[in-house]
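Below: one structure, written as structure tokens.
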Amino acid sequence: MNAHLTESQLFALLGSPGTLSQSASSSPAGSDAAHLANCALCSAEFTVLRDSLSNFRVAATNLSALYTPTRLLDPATARPRFFTVPRAAWATGLVAAMALCTASINLLHKPVVHPTPATQAETATALESDDALLEGINSDLSTSVAPSLQPLDVPATTETTSATRNK
Amino acid sequence: MTSAILNSQVLPAQAQPAPATSTLESVEILYERYSQRIFRFLLTSTRDRDLAESLTQDTFIRAWAAREQFRGDCSPSTWLTRIALNLVRDHTRTNRFRFWKSVANTAVDATEFAGFLPDPNTSAESSLIAHEQVGLVWQTVATLTERQRTVFILRFVEELSLSDIAEITAMPMSTVKTHLYRGLAAIRAQHKLAAARKDSL
């Protein structure tokens, strides 16, 4: 004889329709359920699980009953707005959008400026000065101590030398 | 016809007659009739009141927009639950949900949830045990996978049949049963652990 209900048998009993609706005193019907009447251990575990699940449902129902929104926020918008706007309004909107796009393109469009000889000379000068500046930075970086920091470097070297001599 | 629908609202959820397509004629009636059930499912799924409220609104708006697709081959409740479940899935996949979940102050914890258990005329000890057990179930359900939790809630909170759950979740019946049993196994394990902890004291 099987001593106790298997987990599957127990779960099948718990999952059977109407189990949670039954009162604590009643027991489920069915062939597997007959075991519960004779086995105190299985019966106790079944009752604990059934009551827990039943109370879980009651608590969930009470909680939701308290907080359920009383009505749709705006029933008029139950139909998506896309479908509620008349076609004429869509057409007008489309024409307005196209006009706006055209105006924006005209405003943003800059005429092509052909470089004059004077402009070309200015550009060449600017390029030269930029090159000179970059060259200066490169030479500064390539030296161990930057020219701007050389006055600070001399005393530091002296101090270090004198400190070495004192040792 | 409207009065017939309204009159049927006084019946308990399980005793309502098989709903017809005509119940979709008004979004207000649809909402009045099913909003609490949908909100309950969304609240137990997301554990956040504000989010559940918002998704409840979205469910009915989406259902109303797609009402022509409803052919009456399942109950409106099943259809609405399927829409609600899709919304939950869409929402919980986003990182934004994970962030807001961590900072949400409308999240429902186990103590608050157990507080909604009415106190019947039983001893204080029995009432305390019942509160502990409900809190334990609430906590354990949070640890289930998304599918296990959905199946568990649909079966033990919404009391839907396995075939309805299979239809809503688009899973084969055997898979639904597997998820349900795994969920129950987790609940059972936590109950045993709690009992052992109590015995050791």
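We label chains A, B, ... in the order they appear in the structure tokens, count residues from 1 in each chain, and number ligands from 1 in the order shown.
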Kindly assemble as CSV a list of the chain A residues that lie within 7 Å of chain B, each paired with its nearest atom pair and their distance in Å to one decimal, using only C-alpha atoms, sorted first by chain and then by ascending residue number.
residue,atom,partner,partner_atom,distance
A:Phe11,CA,B:Tyr181,CA,6.4
A:Ser52,CA,B:Gln133,CA,5.6
A:Leu53,CA,B:Phe156,CA,6.7
A:Asn55,CA,B:Val134,CA,6.3
A:Phe56,CA,B:Val134,CA,5.3
A:Arg57,CA,B:Val157,CA,4.8
A:Val58,CA,B:Leu117,CA,6.5
A:Ala59,CA,B:Leu117,CA,4.7
A:Ala60,CA,B:Arg40,CA,6.6
A:Thr61,CA,B:Arg40,CA,6.6
A:Asn62,CA,B:Phe116,CA,5.9
A:Leu63,CA,B:Phe116,CA,6.0
A:Ser64,CA,B:Arg40,CA,5.1
A:Ala65,CA,B:Gln36,CA,6.5
A:Thr68,CA,B:Gln36,CA,5.7
A:Pro69,CA,B:Glu53,CA,6.5
A:Leu72,CA,B:Gln57,CA,6.2
A:Ala78,CA,B:Ile61,CA,4.8
A:Arg79,CA,B:Ala65,CA,5.4
A:Pro80,CA,B:Ala65,CA,6.6
remark   = CA of Asp73 in chain B to CA of Ser174 in chain B measures 22.1 Å
ask   = Using only C-alpha atoms, which residues sit within 12 Å of Ala3 in chain A once same-chain residues fewer than 2 positions away are excluded, as number ranges by chain?
value = A: 1, 5-6, 35-36, 38-42
